[in-house]
$ cat target_27.csv   # CSV, C-alpha atoms
chain,number,residue,atom,x,y,z
A,1,MET,CA,-12.1,23.8,-6.8
A,2,SER,CA,-9.2,21.4,-6.3
A,3,ASN,CA,-9.3,18.9,-3.4
A,4,LYS,CA,-5.5,19.0,-3.1
A,5,ASN,CA,-3.7,20.5,0.0
A,6,ASN,CA,-6.8,21.0,2.0
A,7,LEU,CA,-7.1,19.1,5.3
A,8,LYS,CA,-10.9,19.7,5.2
A,9,TRP,CA,-11.1,16.9,2.6
A,10,VAL,CA,-8.0,14.9,3.8
A,11,LEU,CA,-8.9,14.4,7.5
A,12,PRO,CA,-12.3,12.6,7.1
A,13,VAL,CA,-10.8,10.3,4.5
A,14,LEU,CA,-7.8,9.5,6.8
A,15,PHE,CA,-10.3,8.8,9.6
A,16,SER,CA,-11.9,6.1,7.5
A,17,PHE,CA,-8.7,4.1,7.8
A,18,PHE,CA,-9.3,4.0,11.6
A,19,VAL,CA,-12.7,2.5,10.8
A,20,MET,CA,-11.0,0.2,8.4
A,21,SER,CA,-9.0,-1.3,11.4
A,22,PHE,CA,-12.2,-2.5,13.1
A,23,VAL,CA,-12.2,-5.7,11.0
A,24,ASP,CA,-9.2,-6.7,13.2
A,25,LEU,CA,-11.6,-7.2,16.0
A,26,VAL,CA,-12.0,-10.7,14.7
A,27,GLY,CA,-9.1,-11.8,16.9
A,28,ILE,CA,-10.8,-10.5,20.1
A,29,GLY,CA,-14.1,-12.0,18.9
A,30,VAL,CA,-12.5,-15.4,18.5
A,31,ASP,CA,-11.1,-15.4,22.0
A,32,ARG,CA,-14.1,-14.0,23.8
A,33,VAL,CA,-16.8,-15.9,21.9
A,34,THR,CA,-14.8,-19.2,22.3
A,35,TYR,CA,-14.9,-18.6,26.0
A,36,ASP,CA,-18.5,-17.5,26.2
A,37,PHE,CA,-19.9,-20.4,24.1
A,38,LYS,CA,-17.3,-23.1,24.7
A,39,LEU,CA,-16.5,-23.4,21.0
A,40,SER,CA,-14.0,-25.7,19.3
A,41,SER,CA,-11.1,-24.0,17.6
A,42,THR,CA,-12.6,-24.9,14.2
A,43,MET,CA,-16.0,-23.4,15.0
A,44,ALA,CA,-14.4,-20.2,16.5
A,45,GLN,CA,-12.4,-19.6,13.3
A,46,LEU,CA,-15.7,-19.3,11.4
A,47,ILE,CA,-15.6,-15.7,12.7
A,48,PRO,CA,-12.7,-14.5,10.5
A,49,MET,CA,-14.0,-16.7,7.7
A,50,VAL,CA,-17.4,-14.9,7.5
A,51,ALA,CA,-15.6,-11.6,7.7
A,52,PHE,CA,-12.9,-12.0,5.1
A,53,LEU,CA,-14.8,-14.2,2.6
A,54,TRP,CA,-16.5,-11.1,1.3
A,55,PHE,CA,-13.3,-9.8,-0.2
A,56,PHE,CA,-13.4,-12.6,-2.7
A,57,VAL,CA,-17.1,-12.1,-3.5
A,58,LEU,CA,-17.4,-8.3,-3.5
A,59,SER,CA,-14.1,-6.6,-4.4
A,60,VAL,CA,-14.5,-6.4,-8.2
A,61,PRO,CA,-18.3,-5.7,-8.1
A,62,VAL,CA,-17.7,-2.9,-5.6
A,63,SER,CA,-15.0,-1.3,-7.8
A,64,VAL,CA,-17.4,-1.4,-10.8
A,65,LEU,CA,-20.2,0.2,-8.8
A,66,GLN,CA,-17.8,2.7,-7.3
A,67,ALA,CA,-17.0,3.9,-10.8
A,68,ARG,CA,-20.7,4.7,-11.3
A,69,ILE,CA,-21.7,6.3,-7.9
A,70,GLY,CA,-18.3,7.7,-6.8
A,71,LYS,CA,-15.7,6.8,-4.2
A,72,ARG,CA,-17.0,9.1,-1.4
A,73,LYS,CA,-20.5,7.6,-1.5
A,74,MET,CA,-19.1,4.1,-1.7
A,75,LEU,CA,-16.8,4.7,1.2
A,76,ASN,CA,-19.7,6.0,3.3
A,77,ILE,CA,-21.9,3.0,2.4
A,78,GLY,CA,-19.0,0.7,3.6
A,79,MET,CA,-18.6,2.6,6.9
A,80,LEU,CA,-22.4,2.5,7.5
A,81,ILE,CA,-22.5,-1.3,7.0
A,82,THR,CA,-19.5,-1.5,9.3
A,83,ALA,CA,-21.5,0.3,12.0
A,84,LEU,CA,-24.4,-2.0,11.6
A,85,GLY,CA,-22.1,-5.1,11.9
A,86,LEU,CA,-20.7,-3.7,15.2
A,87,LEU,CA,-24.0,-2.7,16.8
A,88,PHE,CA,-26.1,-5.8,15.9
A,89,PRO,CA,-24.2,-8.3,18.1
A,90,PHE,CA,-24.0,-5.7,20.9
A,91,PHE,CA,-27.8,-5.5,21.2
A,92,VAL,CA,-28.5,-9.2,20.4
A,93,TYR,CA,-25.7,-11.5,21.6
A,94,SER,CA,-25.5,-15.1,20.4
A,95,PHE,CA,-23.0,-17.1,18.3
A,96,ALA,CA,-25.4,-16.7,15.3
A,97,THR,CA,-25.6,-12.9,15.7
A,98,ILE,CA,-21.9,-12.7,16.1
A,99,LEU,CA,-21.5,-14.5,12.8
A,100,VAL,CA,-24.0,-12.1,11.2
A,101,GLY,CA,-22.3,-9.1,12.8
A,102,PHE,CA,-18.9,-10.1,11.6
A,103,ALA,CA,-20.2,-10.9,8.1
A,104,LEU,CA,-21.6,-7.3,7.9
A,105,LEU,CA,-18.3,-6.1,9.3
A,106,GLY,CA,-16.5,-7.9,6.5
A,107,ILE,CA,-18.8,-6.6,3.8
A,108,GLY,CA,-18.4,-3.1,5.1
A,109,ASN,CA,-14.6,-3.5,5.4
A,110,THR,CA,-14.4,-4.8,1.8
A,111,ILE,CA,-16.1,-1.7,0.6
A,112,VAL,CA,-14.0,0.6,2.8
A,113,GLN,CA,-10.7,-0.9,1.6
A,114,VAL,CA,-11.7,-0.7,-2.1
A,115,SER,CA,-12.8,2.9,-1.8
A,116,ALA,CA,-10.5,4.6,0.9
A,117,ASN,CA,-7.1,4.2,-0.8
A,118,PRO,CA,-8.0,5.7,-4.2
A,119,LEU,CA,-10.1,8.4,-2.5
A,120,LEU,CA,-7.1,9.4,-0.4
A,121,VAL,CA,-4.8,9.5,-3.4
A,122,MET,CA,-7.4,11.8,-5.1
A,123,VAL,CA,-7.5,14.4,-2.3
A,124,VAL,CA,-3.7,14.7,-1.6
A,125,PRO,CA,-0.9,16.2,-3.7
A,126,GLU,CA,0.5,13.7,-6.2
A,127,ASN,CA,4.0,14.0,-4.9
A,128,ARG,CA,2.9,13.2,-1.3
A,129,SER,CA,0.5,10.3,-2.0
A,130,SER,CA,3.0,7.6,-0.9
A,131,SER,CA,3.7,9.4,2.4
A,132,TYR,CA,-0.1,9.8,3.0
A,133,LEU,CA,-0.7,6.2,2.2
A,134,SER,CA,2.0,5.2,4.7
A,135,PHE,CA,0.5,7.4,7.3
A,136,SER,CA,-3.0,5.9,6.6
A,137,GLN,CA,-1.5,2.5,7.5
A,138,PHE,CA,-0.2,4.0,10.8
A,139,ILE,CA,-3.7,5.1,11.6
A,140,LYS,CA,-5.1,1.7,10.8
A,141,ALA,CA,-2.4,0.1,13.0
A,142,VAL,CA,-3.4,2.3,15.9
A,143,GLY,CA,-7.0,1.2,15.6
A,144,SER,CA,-6.0,-2.4,15.4
A,145,MET,CA,-3.7,-2.1,18.5
A,146,ILE,CA,-6.2,-0.5,20.9
A,147,GLY,CA,-9.0,-3.1,20.3
A,148,ALA,CA,-7.6,-5.8,22.7
A,149,PRO,CA,-6.8,-3.6,25.7
A,150,LEU,CA,-10.2,-1.7,25.2
A,151,ALA,CA,-12.0,-5.1,25.4
A,152,ALA,CA,-10.1,-6.0,28.5
A,153,VAL,CA,-10.8,-2.7,30.2
A,154,PHE,CA,-14.6,-3.1,29.5
A,155,ALA,CA,-14.6,-6.7,30.7
A,156,LEU,CA,-12.6,-6.0,33.9
A,157,LYS,CA,-14.0,-2.6,34.8
A,158,LEU,CA,-17.6,-2.6,33.4
A,159,GLY,CA,-18.2,-6.4,33.2
A,160,ASP,CA,-19.0,-6.4,29.5
A,161,TRP,CA,-16.4,-6.7,26.8
A,162,LYS,CA,-19.1,-6.2,24.1
A,163,LEU,CA,-19.2,-2.5,25.0
A,164,MET,CA,-16.3,-2.4,22.5
A,165,PHE,CA,-18.8,-3.0,19.7
A,166,LEU,CA,-21.0,-0.1,20.9
A,167,VAL,CA,-18.0,2.3,21.1
A,168,PHE,CA,-16.6,1.4,17.7
A,169,GLY,CA,-20.1,1.3,16.1
A,170,ILE,CA,-20.7,4.9,17.3
A,171,VAL,CA,-17.3,5.9,16.0
A,172,SER,CA,-18.2,4.4,12.6
A,173,LEU,CA,-21.4,6.4,12.5
A,174,LEU,CA,-19.5,9.6,13.3
A,175,ALA,CA,-17.1,8.9,10.5
A,176,VAL,CA,-20.1,8.5,8.1
A,177,LEU,CA,-21.5,11.8,9.2
A,178,TRP,CA,-18.1,13.6,8.9
A,179,LEU,CA,-17.4,12.3,5.4
A,180,GLY,CA,-21.1,12.8,4.4
A,181,LEU,CA,-20.8,16.5,5.2
A,182,THR,CA,-17.6,16.9,3.3
A,183,PRO,CA,-18.0,17.8,-0.3
A,184,ILE,CA,-15.3,16.2,-2.5
A,185,THR,CA,-15.2,16.7,-6.2
A,186,GLU,CA,-14.4,13.5,-8.0
A,187,HIS,CA,-13.1,13.2,-11.6
A,188,LYS,CA,-14.5,9.9,-13.0
A,189,LYS,CA,-12.7,8.2,-15.8
A,190,SER,CA,-14.2,5.4,-17.9
A,191,THR,CA,-10.8,3.6,-17.8
A,192,ASP,CA,-11.1,3.3,-14.1
A,193,THR,CA,-13.7,0.5,-14.3
A,194,VAL,CA,-12.7,-3.1,-13.8
A,195,THR,CA,-14.5,-6.1,-15.2
A,196,LEU,CA,-14.4,-9.7,-14.1
A,197,LYS,CA,-13.1,-10.7,-17.5
A,198,SER,CA,-10.3,-8.2,-17.7
A,199,ALA,CA,-9.2,-9.1,-14.1
A,200,PHE,CA,-9.3,-12.9,-14.3
A,201,SER,CA,-7.6,-13.0,-17.7
A,202,LEU,CA,-4.4,-11.7,-16.0
A,203,LEU,CA,-4.2,-14.9,-13.9
A,204,SER,CA,-2.8,-16.6,-17.0
A,205,ASN,CA,0.4,-14.6,-16.3
A,206,ASN,CA,2.3,-16.9,-13.9
A,207,TYR,CA,4.0,-14.0,-12.2
A,208,ILE,CA,0.8,-12.1,-11.5
A,209,LEU,CA,-0.8,-15.4,-10.3
A,210,LEU,CA,2.0,-15.9,-7.8
A,211,MET,CA,1.8,-12.3,-6.5
A,212,VAL,CA,-2.0,-12.6,-6.0
A,213,LEU,CA,-1.3,-15.9,-4.2
A,214,SER,CA,1.2,-14.1,-2.0
A,215,ILE,CA,-1.4,-11.5,-1.0
A,216,PHE,CA,-3.8,-14.4,-0.2
A,217,LEU,CA,-1.3,-16.0,2.0
A,218,VAL,CA,0.2,-13.0,3.8
A,219,VAL,CA,-3.3,-11.7,4.7
A,220,GLY,CA,-4.0,-15.2,5.9
A,221,VAL,CA,-0.9,-15.0,8.1
A,222,ASP,CA,-1.9,-11.6,9.4
A,223,VAL,CA,-5.5,-12.6,10.3
A,224,GLY,CA,-4.4,-16.1,11.4
A,225,PHE,CA,-1.9,-14.7,13.9
A,226,ASN,CA,-4.4,-12.1,15.0
A,227,SER,CA,-7.2,-14.6,15.5
A,228,PHE,CA,-5.2,-17.5,16.9
A,229,SER,CA,-2.4,-16.0,19.0
A,230,GLY,CA,-4.6,-15.4,22.1
A,231,GLN,CA,-5.6,-19.1,22.1
A,232,PHE,CA,-1.9,-20.1,21.6
A,233,PHE,CA,-0.8,-18.1,24.6
A,234,ILE,CA,-3.6,-19.6,26.7
A,235,LYS,CA,-3.0,-23.2,25.7
A,236,LYS,CA,0.8,-23.3,25.4
A,237,LEU,CA,1.8,-20.8,28.1
A,238,GLY,CA,-1.2,-21.0,30.4
A,239,LEU,CA,-1.7,-17.3,30.4
A,240,GLU,CA,-5.0,-15.6,31.7
A,241,GLN,CA,-7.3,-14.4,28.9
A,242,ALA,CA,-6.7,-10.7,29.4
A,243,VAL,CA,-2.9,-11.1,29.4
A,244,ALA,CA,-3.0,-13.4,26.4
A,245,GLU,CA,-5.1,-10.9,24.5
A,246,SER,CA,-2.4,-8.2,25.2
A,247,GLY,CA,-0.1,-10.2,22.9
A,248,ARG,CA,-2.2,-9.2,20.0
A,249,SER,CA,-1.5,-5.5,20.7
A,250,VAL,CA,2.2,-6.3,20.8
A,251,TYR,CA,1.8,-7.8,17.3
A,252,PHE,CA,0.0,-4.8,16.0
A,253,PHE,CA,2.6,-2.5,17.6
A,254,GLY,CA,5.3,-4.4,15.7
A,255,ARG,CA,3.3,-3.9,12.5
A,256,MET,CA,3.0,-0.2,13.2
A,257,ILE,CA,6.8,0.2,13.7
A,258,GLY,CA,7.4,-2.0,10.7
A,259,THR,CA,5.5,0.3,8.3
A,260,PHE,CA,7.6,3.2,9.4
A,261,ALA,CA,10.9,1.3,9.3
A,262,GLY,CA,10.0,0.0,5.8
A,263,ALA,CA,9.2,3.4,4.5
A,264,LEU,CA,12.7,4.5,5.5
A,265,LEU,CA,14.6,1.4,4.3
A,266,LEU,CA,12.8,1.3,1.0
A,267,THR,CA,14.5,4.6,0.0
A,268,LYS,CA,17.8,2.7,0.0
A,269,ILE,CA,16.9,-0.9,-0.6
A,270,ASN,CA,15.5,-2.5,-3.7
A,271,SER,CA,11.8,-3.5,-3.2
A,272,ARG,CA,12.3,-7.1,-4.4
A,273,SER,CA,15.3,-7.6,-2.2
A,274,PHE,CA,13.5,-6.2,0.8
A,275,LEU,CA,10.5,-8.6,0.1
A,276,ILE,CA,12.9,-11.6,0.0
A,277,TRP,CA,14.6,-10.7,3.2
A,278,THR,CA,11.5,-9.8,5.2
A,279,SER,CA,9.8,-13.0,4.1
A,280,LEU,CA,12.8,-15.1,5.2
A,281,LEU,CA,13.0,-13.3,8.5
A,282,SER,CA,9.2,-13.9,9.1
A,283,ILE,CA,9.6,-17.6,8.6
A,284,LEU,CA,12.5,-17.8,11.1
A,285,SER,CA,10.6,-15.7,13.6
A,286,VAL,CA,7.5,-18.0,13.5
A,287,ILE,CA,9.7,-21.1,14.0
A,288,VAL,CA,11.5,-19.5,16.9
A,289,PHE,CA,8.2,-18.3,18.3
A,290,VAL,CA,6.7,-21.8,18.6
A,291,LEU,CA,9.9,-23.1,20.3
A,292,LEU,CA,9.8,-20.6,23.2
A,293,ASN,CA,8.2,-21.1,26.6
A,294,SER,CA,9.0,-17.9,28.4
A,295,GLU,CA,6.2,-15.2,28.4
A,296,ILE,CA,8.7,-12.4,27.8
A,297,THR,CA,10.5,-14.0,24.9
A,298,VAL,CA,7.3,-15.1,23.3
A,299,LEU,CA,6.0,-11.5,23.4
A,300,VAL,CA,9.3,-10.3,22.0
A,301,PHE,CA,9.0,-12.6,19.0
A,302,THR,CA,5.3,-11.6,18.7
A,303,PHE,CA,6.6,-8.1,18.1
A,304,ILE,CA,9.2,-9.4,15.7
A,305,ILE,CA,6.7,-11.3,13.6
A,306,GLY,CA,4.5,-8.2,13.4
A,307,LEU,CA,7.7,-6.2,12.3
A,308,THR,CA,8.7,-8.7,9.6
A,309,VAL,CA,5.2,-9.2,8.0
A,310,ALA,CA,4.3,-5.5,8.1
A,311,ASN,CA,5.5,-4.5,4.7
A,312,VAL,CA,4.8,-7.7,2.7
A,313,PHE,CA,1.3,-6.6,1.5
A,314,PRO,CA,2.4,-3.2,0.2
A,315,LEU,CA,5.6,-4.6,-1.2
A,316,VAL,CA,3.8,-7.3,-3.2
A,317,PHE,CA,1.2,-4.8,-4.3
A,318,SER,CA,3.5,-2.1,-5.4
A,319,ILE,CA,6.1,-4.4,-7.1
A,320,THR,CA,3.3,-6.0,-9.2
A,321,VAL,CA,1.6,-2.7,-10.2
A,322,GLN,CA,5.0,-1.2,-11.1
A,323,GLN,CA,5.8,-4.2,-13.2
A,324,TYR,CA,2.4,-4.0,-15.1
A,325,PRO,CA,1.2,-0.4,-14.7
A,326,GLU,CA,-1.1,-0.7,-17.7
A,327,ASN,CA,-3.1,-3.3,-15.7
A,328,SER,CA,-3.1,-1.5,-12.4
A,329,ASN,CA,-6.9,-1.5,-12.0
A,330,GLU,CA,-7.3,-5.2,-12.7
A,331,ILE,CA,-4.4,-6.1,-10.5
A,332,SER,CA,-5.9,-4.0,-7.7
A,333,GLY,CA,-9.2,-5.8,-8.0
A,334,LEU,CA,-7.5,-9.2,-8.0
A,335,MET,CA,-5.4,-8.4,-5.0
A,336,MET,CA,-8.4,-7.1,-3.0
A,337,MET,CA,-10.1,-10.4,-3.8
A,338,ALA,CA,-7.0,-12.2,-2.5
A,339,VAL,CA,-7.6,-10.6,0.9
A,340,SER,CA,-10.1,-13.5,1.3
A,341,GLY,CA,-7.0,-15.4,2.5
A,342,GLY,CA,-8.0,-14.0,5.8
A,343,ALA,CA,-11.0,-16.3,5.7
A,344,VAL,CA,-9.3,-19.5,4.6
A,345,ILE,CA,-5.9,-19.7,6.5
A,346,PRO,CA,-7.3,-19.1,10.0
A,347,PHE,CA,-10.0,-21.8,9.4
A,348,ILE,CA,-7.2,-24.2,8.4
A,349,MET,CA,-5.3,-23.3,11.5
A,350,GLY,CA,-8.4,-24.0,13.6
A,351,MET,CA,-8.7,-27.5,12.1
A,352,VAL,CA,-5.0,-28.2,12.6
A,353,ASN,CA,-5.3,-27.1,16.2
A,354,ASP,CA,-8.2,-29.4,16.8
A,355,GLN,CA,-6.6,-32.4,15.0
A,356,VAL,CA,-3.0,-31.9,16.1
A,357,ASN,CA,-2.1,-29.0,18.5
A,358,ALA,CA,-1.6,-25.2,18.8
A,359,VAL,CA,2.1,-25.4,17.8
A,360,ALA,CA,1.2,-27.1,14.5
A,361,ALA,CA,-1.5,-24.5,13.8
A,362,ILE,CA,1.1,-21.7,14.2
A,363,LEU,CA,3.5,-23.5,11.9
A,364,VAL,CA,0.9,-23.2,9.1
A,365,LEU,CA,1.9,-19.5,9.1
A,366,ALA,CA,5.6,-20.4,8.4
A,367,ILE,CA,4.4,-22.6,5.5
A,368,CYS,CA,2.5,-19.7,4.1
A,369,MET,CA,5.5,-17.3,4.3
A,370,PHE,CA,7.7,-20.0,2.7
A,371,VAL,CA,5.4,-19.9,-0.4
A,372,VAL,CA,5.6,-16.1,-0.3
A,373,LEU,CA,9.4,-16.3,-0.2
A,374,MET,CA,9.4,-18.7,-3.2
A,375,SER,CA,7.2,-16.2,-5.1
A,376,ALA,CA,9.4,-13.3,-4.2
A,377,LEU,CA,12.4,-15.2,-5.7
A,378,LYS,CA,10.7,-15.6,-9.0
A,379,LYS,CA,11.6,-12.9,-11.6
A,380,PRO,CA,9.0,-11.6,-14.2
A,381,LYS,CA,9.9,-12.3,-17.8
A,382,THR,CA,9.6,-8.8,-19.1
A,383,LYS,CA,11.2,-6.5,-16.5
A,384,THR,CA,13.0,-6.6,-13.2
A,385,ALA,CA,10.6,-5.9,-10.3
$ encode --input "target_27.csv" --output "structure tokens"
Amino acid sequence: MSNKNNLKWVLPVLFSFFVMSFVDLVGIGVDRVTYDFKLSSTMAQLIPMVAFLWFFVLSVPVSVLQARIGKRKMLNIGMLITALGLLFPFFVYSFATILVGFALLGIGNTIVQVSANPLLVMVVPENRSSSYLSFSQFIKAVGSMIGAPLAAVFALKLGDWKLMFLVFGIVSLLAVLWLGLTPITEHKKSTDTVTLKSAFSLLSNNYILLMVLSIFLVVGVDVGFNSFSGQFFIKKLGLEQAVAESGRSVYFFGRMIGTFAGALLLTKINSRSFLIWTSLLSILSVIVFVLLNSEITVLVFTFIIGLTVANVFPLVFSITVQQYPENSNEISGLMMMAVSGGAVIPFIMGMVNDQVNAVAAILVLAICMFVVLMSALKKPKTKTA
């Protein structure tokens, strides 16, 4: 029986994208754990590092294992590990258990991201896969957006922000149960497997190398702003913690709107041109952001930064795959590995903040987007992207 056109199969897969958003709790974790344990900025940025490092280590091995056991089973394993990562620091709370918990969260999220997208494409009609993938990013953005206010509510009303871990952990377990009870017929192809050799050999192509670097940097920008913006608001503007954390939700709201606007604009604008302009606007937005001192205007530009970076990841991904369709599996593996930029860039920002100041740390993001812009301006030798 075909999986297509049946919401019975589509809905639990879509719900996995809500679970996918839980890795964005790294930002709230940085703010709250910094306060609870009086950490330096460098030490606090170990949280996103231990979460996103696993994308580099596990993306290709997971894709190989997935070809053997199936996407649905792999996705459920990822969501189960996500649940463990959320529940562990709730029941045993220390800086060490937070690091272990976020490491498990990162491992689970790596598996979920590798498995969820191809499984969603498998269960929806071919002519609607793009719209479903866009909608899946909307679901992910909703999950990312509600984390900060939920933590604030639990802290202010119930006296324990860590209840957020319990709630999201239970949601993850429910997602595992839902998908586990949903039979999905998968059609395995031997050509779907990715090997380390076939993937890494593509890095000899300078264009692919720059595009992979762009993914590394833009994910670093996303995680860096998520994990550091709260500290920036507190240190530069003197905002209270709950108010500072709300800025993170404004950023994710900008990303959510950006994905919808991008989907509409890309029907009329060339993908490469859109990437160039959105990269340029993101650089200008970050520079203006650090120059502002008004709470309202800073929040406005927080929204604009989210708006401008929202489409960079899917643009870089789709442009590269369209340019080299015969290597789509290897490119996918490399770009999922490049998500490990979310481990490196925030850590660099933490060191810059400790050695210089918060403004210099935020400007690291502008430098990253400048490199993305330079990469977008480069044309591949064989075709026009």
$ residues_near_point --input "target_27.csv" --point "(-11.8, -22.5, 15.3)" --cutoff "9 Å" --atoms "all atoms listed in the file" --output "list of chain:residue names"
A:Val30, A:Thr34, A:Leu39, A:Ser40, A:Ser41, A:Thr42, A:Met43, A:Ala44, A:Gln45, A:Leu46, A:Ile47, A:Phe228, A:Pro346, A:Phe347, A:Ile348, A:Met349, A:Gly350, A:Met351, A:Asn353, A:Asp354
$ write_last_selection --input "target_27.csv" --atoms "C-alpha atoms" --output "compact mmCIF listing (two decimals), keeping the file's coordinate frame"
# COMPACT_ATOMS: atom_id res chain seq x y z
CA VAL A 30 -12.50 -15.40 18.50
CA THR A 34 -14.80 -19.20 22.30
CA LEU A 39 -16.50 -23.40 21.00
CA SER A 40 -14.00 -25.70 19.30
CA SER A 41 -11.10 -24.00 17.60
CA THR A 42 -12.60 -24.90 14.20
CA MET A 43 -16.00 -23.40 15.00
CA ALA A 44 -14.40 -20.20 16.50
CA GLN A 45 -12.40 -19.60 13.30
CA LEU A 46 -15.70 -19.30 11.40
CA ILE A 47 -15.60 -15.70 12.70
CA PHE A 228 -5.20 -17.50 16.90
CA PRO A 346 -7.30 -19.10 10.00
CA PHE A 347 -10.00 -21.80 9.40
CA ILE A 348 -7.20 -24.20 8.40
CA MET A 349 -5.30 -23.30 11.50
CA GLY A 350 -8.40 -24.00 13.60
CA MET A 351 -8.70 -27.50 12.10
CA ASN A 353 -5.30 -27.10 16.20
CA ASP A 354 -8.20 -29.40 16.80
$ atom_distance --input "target_27.csv" --atom1 "CA of Val290 in chain A" --atom2 "CA of Gly306 in chain A"
14.7 Å
$ closest_residue --input "target_27.csv" --among "A:Arg68, A:Val356, A:Ala338, A:Leu7" --to "Leu209 in chain A" --atoms "all atoms listed in the file"
A:Ala338
$ closest_residue --input "target_27.csv" --among "A:Val10, A:Val250, A:Leu275, A:Met374" --to "Pro149 in chain A" --atoms "all atoms listed in the file"
A:Val250
$ closest_residue --input "target_27.csv" --among "A:Ser279, A:Gln137, A:Gln241, A:Ser16" --to "Gly180 in chain A" --atoms "only C-alpha atoms"
A:Ser16
$ residues_around --input "target_27.csv" --residues "Phe253 in chain A" --least-positions-apart "4" --cutoff "10 Å" --atoms "all atoms listed in the file" --output "PDB file with C-alpha atoms, in the coordinates of the input"
ATOM      1  CA  PHE A 138      -0.200   4.000  10.800  1.00  0.00           C
ATOM      2  CA  ALA A 141      -2.400   0.100  13.000  1.00  0.00           C
ATOM      3  CA  VAL A 142      -3.400   2.300  15.900  1.00  0.00           C
ATOM      4  CA  SER A 144      -6.000  -2.400  15.400  1.00  0.00           C
ATOM      5  CA  MET A 145      -3.700  -2.100  18.500  1.00  0.00           C
ATOM      6  CA  ILE A 146      -6.200  -0.500  20.900  1.00  0.00           C
ATOM      7  CA  GLY A 247      -0.100 -10.200  22.900  1.00  0.00           C
ATOM      8  CA  ARG A 248      -2.200  -9.200  20.000  1.00  0.00           C
ATOM      9  CA  SER A 249      -1.500  -5.500  20.700  1.00  0.00           C
ATOM     10  CA  ILE A 257       6.800   0.200  13.700  1.00  0.00           C
ATOM     11  CA  GLY A 258       7.400  -2.000  10.700  1.00  0.00           C
ATOM     12  CA  THR A 302       5.300 -11.600  18.700  1.00  0.00           C
ATOM     13  CA  PHE A 303       6.600  -8.100  18.100  1.00  0.00           C
ATOM     14  CA  ILE A 304       9.200  -9.400  15.700  1.00  0.00           C
ATOM     15  CA  GLY A 306       4.500  -8.200  13.400  1.00  0.00           C
ATOM     16  CA  LEU A 307       7.700  -6.200  12.300  1.00  0.00           C
TER      17      LEU A 307
END
$ atom_distance --input "target_27.csv" --atom1 "CA of Lys379 in chain A" --atom2 "CA of Val114 in chain A"
28.0 Å
$ atom_distance --input "target_27.csv" --atom1 "CA of Ile276 in chain A" --atom2 "CA of Leu373 in chain A"
5.9 Å
$ closest_residue --input "target_27.csv" --among "A:Thr110, A:Asn293, A:Ser115, A:Thr278" --to "Phe233 in chain A" --atoms "all atoms listed in the file"
A:Asn293
$ closest_residue --input "target_27.csv" --among "A:Gln323, A:Ser59, A:Thr97, A:Thr182" --to "Lys73 in chain A" --atoms "all atoms listed in the file"
A:Thr182
$ closest_residue --input "target_27.csv" --among "A:Met20, A:Phe370, A:Ala343, A:Ala116" --to "Val57 in chain A" --atoms "all atoms listed in the file"
A:Ala343
$ residues_around --input "target_27.csv" --residues "Thr82 in chain A" --least-positions-apart "4" --cutoff "8 Å" --atoms "all atoms listed in the file" --output "VMD selection string"
chain A and resid 78 86 104 to 109 169 172
$ residues_around --input "target_27.csv" --residues "Val372 in chain A" --least-positions-apart "2" --cutoff "12 Å" --atoms "only C-alpha atoms" --output "compact mmCIF listing (two decimals) with C-alpha atoms, in the frame of the given file"
# COMPACT_ATOMS: atom_id res chain seq x y z
CA LEU A 209 -0.80 -15.40 -10.30
CA LEU A 210 2.00 -15.90 -7.80
CA MET A 211 1.80 -12.30 -6.50
CA VAL A 212 -2.00 -12.60 -6.00
CA LEU A 213 -1.30 -15.90 -4.20
CA SER A 214 1.20 -14.10 -2.00
CA ILE A 215 -1.40 -11.50 -1.00
CA PHE A 216 -3.80 -14.40 -0.20
CA LEU A 217 -1.30 -16.00 2.00
CA VAL A 218 0.20 -13.00 3.80
CA VAL A 219 -3.30 -11.70 4.70
CA GLY A 220 -4.00 -15.20 5.90
CA VAL A 221 -0.90 -15.00 8.10
CA ARG A 272 12.30 -7.10 -4.40
CA LEU A 275 10.50 -8.60 0.10
CA ILE A 276 12.90 -11.60 0.00
CA TRP A 277 14.60 -10.70 3.20
CA THR A 278 11.50 -9.80 5.20
CA SER A 279 9.80 -13.00 4.10
CA LEU A 280 12.80 -15.10 5.20
CA LEU A 281 13.00 -13.30 8.50
CA SER A 282 9.20 -13.90 9.10
CA ILE A 283 9.60 -17.60 8.60
CA VAL A 309 5.20 -9.20 8.00
CA VAL A 312 4.80 -7.70 2.70
CA PHE A 313 1.30 -6.60 1.50
CA LEU A 315 5.60 -4.60 -1.20
CA VAL A 316 3.80 -7.30 -3.20
CA LEU A 365 1.90 -19.50 9.10
CA ALA A 366 5.60 -20.40 8.40
CA ILE A 367 4.40 -22.60 5.50
CA CYS A 368 2.50 -19.70 4.10
CA MET A 369 5.50 -17.30 4.30
CA PHE A 370 7.70 -20.00 2.70
CA MET A 374 9.40 -18.70 -3.20
CA SER A 375 7.20 -16.20 -5.10
CA ALA A 376 9.40 -13.30 -4.20
CA LEU A 377 12.40 -15.20 -5.70
CA LYS A 378 10.70 -15.60 -9.00
$ residues_around --input "target_27.csv" --residues "Ser21 in chain A" --least-positions-apart "3" --cutoff "7 Å" --atoms "only C-alpha atoms" --output "PDB file with C-alpha atoms, in the coordinates of the input"
ATOM      1  CA  PHE A  17      -8.700   4.100   7.800  1.00  0.00           C
ATOM      2  CA  PHE A  18      -9.300   4.000  11.600  1.00  0.00           C
ATOM      3  CA  ASP A  24      -9.200  -6.700  13.200  1.00  0.00           C
ATOM      4  CA  LYS A 140      -5.100   1.700  10.800  1.00  0.00           C
ATOM      5  CA  ALA A 141      -2.400   0.100  13.000  1.00  0.00           C
ATOM      6  CA  GLY A 143      -7.000   1.200  15.600  1.00  0.00           C
ATOM      7  CA  SER A 144      -6.000  -2.400  15.400  1.00  0.00           C
TER       8      SER A 144
END
